[in-house]
Each structure stands twice: as C-alpha cells, then as structure tokens.
>>> print(open('protein_31.pdb').read())   # PDB, C-alpha atoms
ATOM      1  CA  MET A   1     136.244  24.768 145.142
ATOM      2  CA  ASN A   2     138.027  26.944 142.577
ATOM      3  CA  VAL A   3     139.917  25.634 139.581
ATOM      4  CA  GLN A   4     143.326  26.203 141.153
ATOM      5  CA  ASN A   5     142.462  24.060 144.190
ATOM      6  CA  LEU A   6     140.899  21.462 141.904
ATOM      7  CA  ILE A   7     144.059  21.257 139.777
ATOM      8  CA  VAL A   8     146.371  20.969 142.806
ATOM      9  CA  SER A   9     144.221  18.310 144.440
ATOM     10  CA  SER A  10     143.858  16.301 141.213
ATOM     11  CA  LEU A  11     147.550  16.672 140.381
ATOM     12  CA  ARG A  12     148.666  15.321 143.749
ATOM     13  CA  HIS A  13     146.230  12.431 143.489
ATOM     14  CA  SER A  14     147.433  11.646 139.977
ATOM     15  CA  VAL A  15     151.148  11.790 140.911
ATOM     16  CA  THR A  16     150.576   9.531 143.898
ATOM     17  CA  GLU A  17     148.621   6.995 141.838
ATOM     18  CA  VAL A  18     151.047   6.915 138.909
ATOM     19  CA  PHE A  19     154.208   6.713 141.025
ATOM     20  CA  SER A  20     152.794   4.068 143.368
ATOM     21  CA  THR A  21     151.603   1.903 140.449
ATOM     22  CA  MET A  22     154.420   2.241 137.900
ATOM     23  CA  LEU A  23     157.439   3.191 140.056
ATOM     24  CA  THR A  24     158.796   2.777 143.559
ATOM     25  CA  GLY A  25     160.032   5.323 146.070
ATOM     26  CA  ASN A  26     158.818   7.987 148.429
ATOM     27  CA  ILE A  27     157.005  11.159 147.303
ATOM     28  CA  GLU A  28     157.139  14.343 149.386
ATOM     29  CA  PHE A  29     155.060  17.260 148.109
ATOM     30  CA  GLU A  30     156.158  20.825 148.734
ATOM     31  CA  ASP A  31     153.929  23.925 148.762
ATOM     32  CA  MET A  32     152.161  24.801 145.533
ATOM     33  CA  THR A  33     153.081  28.139 143.946
ATOM     34  CA  VAL A  34     151.727  30.232 141.089
ATOM     35  CA  GLU A  35     154.323  31.596 138.660
ATOM     36  CA  LYS A  36     153.890  33.938 135.706
ATOM     37  CA  SER A  37     157.062  32.944 133.908
ATOM     38  CA  THR A  38     159.071  29.789 133.547
ATOM     39  CA  PRO A  39     162.612  29.709 134.928
ATOM     40  CA  GLU A  40     165.688  29.097 132.806
ATOM     41  CA  VAL A  41     166.271  25.402 132.488
ATOM     42  CA  THR A  42     169.766  24.080 133.125
ATOM     43  CA  ASP A  43     170.578  20.486 132.325
ATOM     44  CA  ARG A  44     167.047  19.201 132.723
ATOM     45  CA  VAL A  45     164.517  17.009 130.973
ATOM     46  CA  VAL A  46     161.247  18.843 130.242
ATOM     47  CA  SER A  47     158.082  17.352 128.783
ATOM     48  CA  PHE A  48     154.917  19.102 127.620
ATOM     49  CA  ILE A  49     151.389  17.972 126.821
ATOM     50  CA  GLY A  50     148.770  20.303 125.378
ATOM     51  CA  ILE A  51     145.260  20.353 126.824
ATOM     52  CA  ALA A  52     142.332  21.539 124.692
ATOM     53  CA  GLY A  53     138.564  21.639 124.942
ATOM     54  CA  THR A  54     136.285  23.587 127.260
ATOM     55  CA  TRP A  55     139.503  24.737 128.940
ATOM     56  CA  THR A  56     142.870  24.986 127.218
ATOM     57  CA  GLY A  57     146.481  24.981 128.369
ATOM     58  CA  THR A  58     149.556  22.887 128.979
ATOM     59  CA  GLY A  59     150.814  20.309 131.454
ATOM     60  CA  SER A  60     154.573  20.022 131.954
ATOM     61  CA  LEU A  61     157.010  17.878 133.923
ATOM     62  CA  THR A  62     160.630  18.863 134.631
ATOM     63  CA  CYS A  63     163.222  16.623 136.246
ATOM     64  CA  SER A  64     166.964  16.013 136.357
ATOM     65  CA  PRO A  65     168.663  13.617 133.928
ATOM     66  CA  ASN A  66     169.273  11.345 136.922
ATOM     67  CA  ALA A  67     165.559  11.270 137.802
ATOM     68  CA  ALA A  68     164.673  10.655 134.141
ATOM     69  CA  CYS A  69     167.061   7.684 134.048
ATOM     70  CA  ARG A  70     165.537   6.331 137.285
ATOM     71  CA  VAL A  71     162.036   6.602 135.791
ATOM     72  CA  CYS A  72     163.110   4.622 132.741
ATOM     73  CA  SER A  73     165.130   2.063 134.731
ATOM     74  CA  GLN A  74     162.189   1.331 137.008
ATOM     75  CA  MET A  75     159.595   1.254 134.238
ATOM     76  CA  LEU A  76     161.593  -1.052 131.982
ATOM     77  CA  MET A  77     163.440  -2.966 134.712
ATOM     78  CA  ALA A  78     166.818  -2.287 133.095
ATOM     79  CA  ASP A  79     169.718   0.039 133.880
ATOM     80  CA  PHE A  80     169.861   3.446 132.183
ATOM     81  CA  ASP A  81     172.617   5.885 133.208
ATOM     82  CA  SER A  82     172.374   8.444 130.394
ATOM     83  CA  VAL A  83     169.490  10.225 128.684
ATOM     84  CA  THR A  84     168.706   8.043 125.681
ATOM     85  CA  GLU A  85     165.661   7.928 123.419
ATOM     86  CA  GLU A  86     164.196   5.261 125.700
ATOM     87  CA  VAL A  87     164.631   7.530 128.726
ATOM     88  CA  LEU A  88     162.894  10.423 126.942
ATOM     89  CA  ASP A  89     160.092   8.061 125.906
ATOM     90  CA  ALA A  90     159.617   6.905 129.508
ATOM     91  CA  VAL A  91     159.436  10.509 130.762
ATOM     92  CA  ALA A  92     156.914  11.315 128.015
ATOM     93  CA  GLU A  93     154.765   8.379 129.077
ATOM     94  CA  LEU A  94     155.048   9.317 132.765
ATOM     95  CA  THR A  95     153.856  12.839 131.905
ATOM     96  CA  ASN A  96     151.107  11.410 129.725
ATOM     97  CA  MET A  97     149.808   9.287 132.602
ATOM     98  CA  ILE A  98     149.974  12.098 135.171
ATOM     99  CA  VAL A  99     148.385  14.751 132.946
ATOM    100  CA  GLY A 100     145.955  12.170 131.510
ATOM    101  CA  ASN A 101     144.665  11.303 134.952
ATOM    102  CA  LEU A 102     144.505  14.995 135.855
ATOM    103  CA  LYS A 103     142.508  15.588 132.678
ATOM    104  CA  SER A 104     140.066  12.787 133.543
ATOM    105  CA  ASP A 105     139.516  14.287 137.004
ATOM    106  CA  LEU A 106     139.053  17.792 135.640
ATOM    107  CA  GLU A 107     136.631  16.646 132.935
ATOM    108  CA  ARG A 108     134.092  15.734 135.595
ATOM    109  CA  HIS A 109     133.966  19.402 136.613
ATOM    110  CA  LEU A 110     135.021  21.398 133.572
ATOM    111  CA  GLY A 111     133.604  19.439 130.630
ATOM    112  CA  SER A 112     135.272  17.622 127.763
ATOM    113  CA  LEU A 113     139.061  17.965 127.351
ATOM    114  CA  GLY A 114     141.563  16.412 124.957
ATOM    115  CA  LEU A 115     145.310  15.815 125.164
ATOM    116  CA  SER A 116     148.044  16.236 122.596
ATOM    117  CA  ILE A 117     150.898  13.801 122.014
ATOM    118  CA  PRO A 118     153.693  14.577 124.537
ATOM    119  CA  THR A 119     156.871  16.443 123.551
ATOM    120  CA  VAL A 120     160.116  15.943 125.500
ATOM    121  CA  VAL A 121     163.200  18.181 125.471
ATOM    122  CA  PHE A 122     166.625  17.520 126.981
ATOM    123  CA  GLY A 123     169.357  20.122 126.905
ATOM    124  CA  ARG A 124     171.330  22.778 128.713
ATOM    125  CA  ASN A 125     170.649  26.480 129.289
ATOM    126  CA  PHE A 126     167.370  26.841 127.481
ATOM    127  CA  LYS A 127     164.100  28.617 128.254
ATOM    128  CA  THR A 128     160.516  27.602 127.680
ATOM    129  CA  LYS A 129     157.562  29.934 127.246
ATOM    130  CA  CYS A 130     153.800  29.666 126.891
ATOM    131  CA  ALA A 131     152.224  32.948 125.783
ATOM    132  CA  GLY A 132     150.240  34.676 128.520
ATOM    133  CA  ALA A 133     150.257  31.671 130.803
ATOM    134  CA  GLU A 134     150.194  31.566 134.585
ATOM    135  CA  TRP A 135     151.552  28.282 135.874
ATOM    136  CA  ILE A 136     150.298  26.362 138.866
ATOM    137  CA  VAL A 137     153.550  24.787 140.048
ATOM    138  CA  GLU A 138     153.685  21.667 142.196
ATOM    139  CA  ARG A 139     157.106  20.540 143.369
ATOM    140  CA  PHE A 140     157.814  17.216 144.957
ATOM    141  CA  ARG A 141     160.814  15.181 145.949
ATOM    142  CA  TRP A 142     161.089  11.622 144.721
ATOM    143  CA  ASP A 143     163.679   9.856 146.863
ATOM    144  CA  GLY A 144     165.820  13.009 146.893
ATOM    145  CA  ASP A 145     165.271  14.017 143.239
ATOM    146  CA  ASP A 146     163.337  17.240 142.584
ATOM    147  CA  VAL A 147     160.446  16.897 140.165
ATOM    148  CA  LEU A 148     158.425  19.877 138.987
ATOM    149  CA  LEU A 149     154.908  19.702 137.599
ATOM    150  CA  ARG A 150     153.368  22.772 136.021
ATOM    151  CA  VAL A 151     149.867  23.271 134.718
ATOM    152  CA  SER A 152     148.509  26.298 132.896
ATOM    153  CA  LEU A 153     144.781  26.208 132.188
ATOM    154  CA  ARG A 154     142.241  28.836 131.192
ATOM    155  CA  PRO A 155     138.723  28.773 129.776
ATOM    156  CA  GLY A 156     138.600  27.878 126.103
ATOM    157  CA  ASP A 157     136.674  29.737 123.431
ATOM    158  CA  ARG A 158     133.894  27.201 123.179
ATOM    159  CA  PRO A 159     130.925  27.179 125.622
ATOM    160  CA  LYS A 160     131.338  24.913 128.634
ATOM    161  CA  ALA A 161     129.768  21.476 128.223
ATOM    162  CA  VAL A 162     128.825  21.280 131.887
ATOM    163  CA  PRO A 163     125.913  23.590 132.717
ATOM    164  CA  ASP A 164     125.718  25.959 135.677
ATOM    165  CA  GLN A 165     129.395  26.107 136.606
ATOM    166  CA  SER A 166     129.682  29.859 136.995
ATOM    167  CA  GLU A 167     129.192  29.933 140.741
ATOM    168  CA  VAL A 168     131.873  27.351 141.397
ATOM    169  CA  PHE A 169     134.823  27.766 139.074
ATOM    170  CA  ALA A 170     136.327  31.212 139.258
ATOM    171  CA  LEU A 171     140.003  31.019 138.291
ATOM    172  CA  ASP A 172     141.459  32.219 141.567
ATOM    173  CA  VAL A 173     145.107  32.756 140.661
TER     174      VAL A 173
ATOM    175  CA  MET B 174     146.248 -23.210 122.013
ATOM    176  CA  GLU B 175     148.805 -20.418 122.207
ATOM    177  CA  SER B 176     147.632 -16.942 121.257
ATOM    178  CA  ASN B 177     149.214 -14.164 119.233
ATOM    179  CA  ILE B 178     148.760 -10.661 120.600
ATOM    180  CA  LEU B 179     149.246  -7.231 119.045
ATOM    181  CA  VAL B 180     150.205  -4.324 121.336
ATOM    182  CA  VAL B 181     149.670  -0.850 119.838
ATOM    183  CA  ASP B 182     151.077   2.201 121.630
ATOM    184  CA  ASP B 183     153.220   5.143 120.502
ATOM    185  CA  SER B 184     155.298   4.744 123.662
ATOM    186  CA  ALA B 185     158.017   2.106 123.318
ATOM    187  CA  ALA B 186     158.200   2.051 127.127
ATOM    188  CA  ILE B 187     154.545   1.051 127.444
ATOM    189  CA  ARG B 188     154.934  -1.600 124.742
ATOM    190  CA  LYS B 189     157.853  -3.115 126.656
ATOM    191  CA  ILE B 190     155.946  -2.994 129.947
ATOM    192  CA  LEU B 191     152.952  -4.704 128.325
ATOM    193  CA  GLN B 192     155.232  -7.379 126.825
ATOM    194  CA  ARG B 193     156.544  -8.121 130.316
ATOM    195  CA  VAL B 194     153.134  -7.980 131.993
ATOM    196  CA  LEU B 195     151.519 -10.223 129.370
ATOM    197  CA  ARG B 196     154.261 -12.838 129.815
ATOM    198  CA  GLN B 197     153.598 -12.724 133.575
ATOM    199  CA  THR B 198     149.857 -13.325 133.295
ATOM    200  CA  GLY B 199     150.196 -17.079 132.820
ATOM    201  CA  MET B 200     148.201 -16.879 129.588
ATOM    202  CA  ALA B 201     149.225 -19.183 126.738
ATOM    203  CA  ILE B 202     151.014 -16.712 124.473
ATOM    204  CA  GLN B 203     153.050 -17.532 121.365
ATOM    205  CA  THR B 204     154.012 -14.129 119.912
ATOM    206  CA  ILE B 205     153.500 -10.520 120.988
ATOM    207  CA  HIS B 206     153.657  -8.148 118.012
ATOM    208  CA  GLU B 207     154.184  -4.405 118.447
ATOM    209  CA  ALA B 208     153.003  -1.361 116.510
ATOM    210  CA  GLY B 209     153.495   2.358 117.219
ATOM    211  CA  ASP B 210     150.170   3.611 115.847
ATOM    212  CA  GLY B 211     146.965   2.486 114.125
ATOM    213  CA  GLU B 212     148.386   2.620 110.608
ATOM    214  CA  GLU B 213     151.373   0.498 111.571
ATOM    215  CA  ALA B 214     149.000  -1.965 113.271
ATOM    216  CA  LEU B 215     146.837  -2.345 110.166
ATOM    217  CA  ALA B 216     149.949  -2.875 108.021
ATOM    218  CA  LEU B 217     151.215  -5.535 110.423
ATOM    219  CA  LEU B 218     147.856  -7.318 110.329
ATOM    220  CA  GLN B 219     148.196  -7.789 106.570
ATOM    221  CA  SER B 220     150.746 -10.529 107.183
ATOM    222  CA  ASN B 221     150.120 -11.681 110.769
ATOM    223  CA  LYS B 222     147.222 -13.410 112.449
ATOM    224  CA  VAL B 223     146.423 -12.205 115.971
ATOM    225  CA  ASP B 224     143.905 -13.336 118.580
ATOM    226  CA  LEU B 225     143.823 -10.176 120.692
ATOM    227  CA  ILE B 226     144.717  -6.508 120.261
ATOM    228  CA  LEU B 227     145.646  -4.144 123.107
ATOM    229  CA  THR B 228     145.701  -0.529 121.970
ATOM    230  CA  ASP B 229     146.278   2.946 123.297
ATOM    231  CA  ILE B 230     143.765   5.625 122.238
ATOM    232  CA  ASN B 231     145.842   8.796 121.992
ATOM    233  CA  MET B 232     148.399   8.135 119.210
ATOM    234  CA  PRO B 233     149.725  10.013 116.172
ATOM    235  CA  LYS B 234     148.650   9.205 112.583
ATOM    236  CA  MET B 235     145.750   6.836 113.337
ATOM    237  CA  ASP B 236     144.556   6.787 116.962
ATOM    238  CA  GLY B 237     143.112   3.817 118.840
ATOM    239  CA  LEU B 238     139.503   4.692 118.058
ATOM    240  CA  GLY B 239     140.335   4.965 114.347
ATOM    241  CA  LEU B 240     142.063   1.591 114.509
ATOM    242  CA  LEU B 241     139.121   0.035 116.344
ATOM    243  CA  ALA B 242     136.662   1.378 113.774
ATOM    244  CA  ALA B 243     138.802   0.076 110.894
ATOM    245  CA  LEU B 244     139.062  -3.374 112.495
ATOM    246  CA  LYS B 245     135.329  -3.634 113.102
ATOM    247  CA  ARG B 246     134.638  -2.716 109.453
ATOM    248  CA  SER B 247     136.925  -5.518 108.270
ATOM    249  CA  ALA B 248     135.531  -8.980 107.588
ATOM    250  CA  ASP B 249     138.911 -10.461 108.590
ATOM    251  CA  TRP B 250     139.343  -8.637 111.897
ATOM    252  CA  ALA B 251     135.870  -7.712 113.165
ATOM    253  CA  SER B 252     135.731 -10.691 115.542
ATOM    254  CA  VAL B 253     139.157 -10.108 117.144
ATOM    255  CA  PRO B 254     138.765  -8.749 120.686
ATOM    256  CA  VAL B 255     140.225  -5.261 121.202
ATOM    257  CA  VAL B 256     141.077  -3.950 124.673
ATOM    258  CA  MET B 257     141.778  -0.238 125.072
ATOM    259  CA  ILE B 258     144.691   0.666 127.391
ATOM    260  CA  THR B 259     144.868   4.400 127.889
ATOM    261  CA  THR B 260     145.001   7.394 130.189
ATOM    262  CA  GLU B 261     141.686   8.447 128.658
ATOM    263  CA  GLY B 262     139.339   7.960 131.588
ATOM    264  CA  GLY B 263     136.761  10.349 130.186
ATOM    265  CA  GLU B 264     133.245   9.043 129.653
ATOM    266  CA  THR B 265     133.188  10.248 126.056
ATOM    267  CA  LYS B 266     136.178   8.267 124.776
ATOM    268  CA  VAL B 267     135.229   5.147 126.742
ATOM    269  CA  ALA B 268     131.629   5.307 125.518
ATOM    270  CA  GLU B 269     132.859   5.790 121.958
ATOM    271  CA  ALA B 270     135.191   2.788 122.258
ATOM    272  CA  VAL B 271     132.404   0.595 123.633
ATOM    273  CA  LYS B 272     130.045   1.773 120.898
ATOM    274  CA  LEU B 273     132.654   0.864 118.284
ATOM    275  CA  GLY B 274     132.916  -2.645 119.748
ATOM    276  CA  ALA B 275     135.826  -2.617 122.235
ATOM    277  CA  SER B 276     135.900  -5.712 124.448
ATOM    278  CA  GLY B 277     137.287  -3.881 127.472
ATOM    279  CA  TYR B 278     139.167  -0.959 128.857
ATOM    280  CA  VAL B 279     142.163  -0.620 131.224
ATOM    281  CA  ARG B 280     143.223   2.753 132.522
ATOM    282  CA  LYS B 281     146.920   3.759 132.774
ATOM    283  CA  PRO B 282     148.656   3.438 135.163
ATOM    284  CA  PHE B 283     147.882  -0.286 135.322
ATOM    285  CA  THR B 284     149.076  -3.254 137.352
ATOM    286  CA  ALA B 285     149.780  -6.763 136.073
ATOM    287  CA  ASP B 286     146.732  -7.976 138.004
ATOM    288  CA  GLN B 287     144.464  -5.473 136.272
ATOM    289  CA  ILE B 288     145.665  -6.655 132.866
ATOM    290  CA  LYS B 289     145.287 -10.298 133.873
ATOM    291  CA  GLU B 290     141.781  -9.707 135.212
ATOM    292  CA  LYS B 291     140.717  -7.899 132.048
ATOM    293  CA  LEU B 292     142.082 -10.642 129.795
ATOM    294  CA  ALA B 293     140.584 -13.505 131.795
ATOM    295  CA  GLY B 294     137.889 -15.016 129.655
ATOM    296  CA  ILE B 295     139.366 -13.545 126.487
ATOM    297  CA  LEU B 296     142.589 -15.595 126.313
ATOM    298  CA  GLU B 297     143.133 -19.167 127.435
ATOM    299  CA  PRO B 298     145.361 -19.817 130.465
ATOM    300  CA  ALA B 299     148.599 -21.730 129.838
ATOM    301  CA  GLN B 300     148.288 -25.503 130.240
ATOM    302  CA  PRO B 301     150.200 -26.904 133.263
ATOM    303  CA  LEU B 302     153.265 -28.919 132.338
TER     304      LEU B 302
END
>>> encode(input="protein_31.pdb", output="structure tokens")
Amino acid sequence: MNVQNLIVSSLRHSVTEVFSTMLTGNIEFEDMTVEKSTPEVTDRVVSFIGIAGTWTGTGSLTCSPNAACRVCSQMLMADFDSVTEEVLDAVAELTNMIVGNLKSDLERHLGSLGLSIPTVVFGRNFKTKCAGAEWIVERFRWDGDDVLLRVSLRPGDRPKAVPDQSEVFALDV
Amino acid sequence: MESNILVVDDSAAIRKILQRVLRQTGMAIQTIHEAGDGEEALALLQSNKVDLILTDINMPKMDGLGLLAALKRSADWASVPVVMITTEGGETKVAEAVKLGASGYVRKPFTADQIKEKLAGILEPAQPL
C-alpha cells in the first residue's frame, strides 16, 4: 500500500464514521483526484488543520454555506440558516474529527503525528494556497450537498519513528 | 447526591453536545460548567467544586494533558476523576494521559451510549422518583 491509497482509504473510513455518529444523511463518494493547485473559492466555508510530525501537511474541508448550516443544525439540534460563529465552530469541529481520525489511522503506519487547532474561513472569491503542496482530493455528496476533503502530506524532516518503512510507503502521486 | 461536572473543550459545539448527552445519561447531575481551555478550567475551579471533569486534549493556551497534570499536582483536585474526550486516538497521547492519572478516554466522534458507559461507576445514577 502506498501513502496515497492509505490516505484515501483512511479518509473515507473517517468520513463515514464521523457522519454516521454525529450527523444523519447519505454519503456518496466520488473518484479521488490529485491536484497541484487549489481552485478559486466562491461563497464557501473552508477549514484547515495542520499536520506535523514524521510527515507534515494540511487537512482541509470545503463545503457550501448551506451544508455548513446543516452540519451545525444537526450537531446542536437547533436551526441555523446563516453562517454564524456557531456554524463555523461546528465545521471546525467536524474537520477536527475527520482529520483527527485520519491522523490516528496514519500514525499506525507513518509514526507519530500532531494536529494544529483548526482554522475556518467563510467568504467570497478568495484563493487558498499551500506552498509546494499536491492535494489528494476526495469529493463526496452529503444528501445533495458537495463536500470536498483535501489532504497534502509529505515526509517531515525528522527521521521516521516506525522502522523499516522504506519498502512500503513511496509517495505515489 | 447530584454531581457537578466541568466540560473543557475549545469547541462550543462539542461543549453543547456534551451538555445534552450528559443530561440524557440518567446520571444525577446538578450543574455542568464549561471552559474553553485548560487555563479557563483552572480559573473556574478556584470558585466551583466539581465531581468530574471531561476534557479535550488538543486545545489552545493550556491543552488537556497540561490541565490533567496541573490537577493531579493539586491537593484540592488530585482525586477528581478526569475523562479525556478527544480525536487523539494515538497511543502516545493516550498513554501519556493514563500515566498522568486520567480515569478514562472517549474518542470523538462519540455516541451518548459511549459517554454513559464510560461514566458508569464514576457518577451515581439519578434516583427514581
């Protein structure tokens, strides 16, 4: 298994677990893609969490304001129809759970990893960029709403904590 | 006897979810206090008595492990059970929490049943009317 396949498999498992436990609705995954740049964001909510350790990078979730409000409404069992601080907080926590579970899965293969505190952005016509990153992009539909998960991960500067990984984990992207 | 609980998490959403879940467990609960990080939790404990603390690990300012260590060093709070509720499923953080004296560990995402199961034996169930 290469790292790309490991990330996709872990990401799908994590999304399924988090959505089935904390939210309701149907998840339909689309094909994974690898992208070198991030598209212009129009009227979307975007969250980021940094990953550091034996491998370093970023996990990101992008969704529509409507999907963000649905996340918050379901989590808190109250109605939210505009992007408030509570809605941004709920999206941050959703991202934290998804990337946190991904991180726990990856740690078993890649060695120790840590997560940053999530950052959430909501706005119109803005771009995001992570220097030199290639993104593994997983799209899925959540009851008709498009949700985008992106992960960029590359070996860190420190030696790997898990011995004898060289034959298994070539970054095949 | 009704218990007082402190929930520590930088996510207001998770604090609200835990408030709801704790009320659903059937445990005898008087007050659920909230704090957004370890420092805020320690400040709140200066003027409030609690019987149980549920805390996230990954938080700004003082994280959950820092809070746990501070509590276990304190003569006033060392005996209060602390349950970690976090996405941190890694062996290292869990082992560190156990070594510091955590009473248990629940991984996010969690269900009400998982919280109830973890707290059974720590808090008393509510008395039937």
>>> resolve_selection(input="protein_31.pdb", expression="the ChimeraX specification (/A :<10) & /B", output="list in words")
Asp183, Ser184, Ala185, Ala186, Ile187, Arg188, Lys189, Ile190, Arg193, Asn231, Met232, Pro233, Thr259, Thr260, Glu261, Gly262, Gly263, Glu264, Thr265, Lys266, Arg280, Lys281, Pro282, Phe283, Thr284 and Ala285 of chain B
>>> atom_distance(input="protein_31.pdb", atom1="atom CA of Thr24 of chain A", atom2="atom CA of Val83 of chain A")
19.8 Å
>>> axis_aligned_box(input="protein_31.pdb", around="segment 56-66 of chain A", padding_each_side="8 Å", output="AutoDock Vina command-line options")
--center_x 156.1 --center_y 18.2 --center_z 132.1 --size_x 42.4 --size_y 29.6 --size_z 25.7
>>> atom_distance(input="protein_31.pdb", atom1="atom CA of Leu273 of chain B", atom2="atom CA of Gly156 of chain A")
28.7 Å
>>> atom_distance(input="protein_31.pdb", atom1="atom CA of Ala242 of chain B", atom2="atom CA of Asn177 of chain B")
20.7 Å
>>> closest_residue(input="protein_31.pdb", among="B:Asp249, B:Asp210, B:Glu175, B:Asp286", to="Leu227 of chain B", atoms="only C-alpha atoms")
B:Asp210
>>> residues_around(input="protein_31.pdb", residues="Gly211 of chain B", least_positions_apart="2", cutoff="10 Å", atoms="all atoms listed in the file", output="list in words")
Val181, Asp182, Asp183, Ala208, Gly209, Glu213, Ala214, Leu215, Ala216, Leu217, Thr228, Asp229, Ile230, Met232, Pro233, Lys234, Met235, Asp236, Gly237, Leu238, Gly239, Leu240, Leu241, Ala243 and Leu244 of chain B
>>> resolve_selection(input="protein_31.pdb", expression="the PyMOL selection byres ((chain B and resi 291) around 8)", output="PDB file with C-alpha atoms, in the coordinates of the input")
ATOM      1  CA  GLY B 277     137.287  -3.881 127.472  1.00  0.00           C
ATOM      2  CA  TYR B 278     139.167  -0.959 128.857  1.00  0.00           C
ATOM      3  CA  VAL B 279     142.163  -0.620 131.224  1.00  0.00           C
ATOM      4  CA  GLN B 287     144.464  -5.473 136.272  1.00  0.00           C
ATOM      5  CA  ILE B 288     145.665  -6.655 132.866  1.00  0.00           C
ATOM      6  CA  LYS B 289     145.287 -10.298 133.873  1.00  0.00           C
ATOM      7  CA  GLU B 290     141.781  -9.707 135.212  1.00  0.00           C
ATOM      8  CA  LEU B 292     142.082 -10.642 129.795  1.00  0.00           C
ATOM      9  CA  ALA B 293     140.584 -13.505 131.795  1.00  0.00           C
TER      10      ALA B 293
END
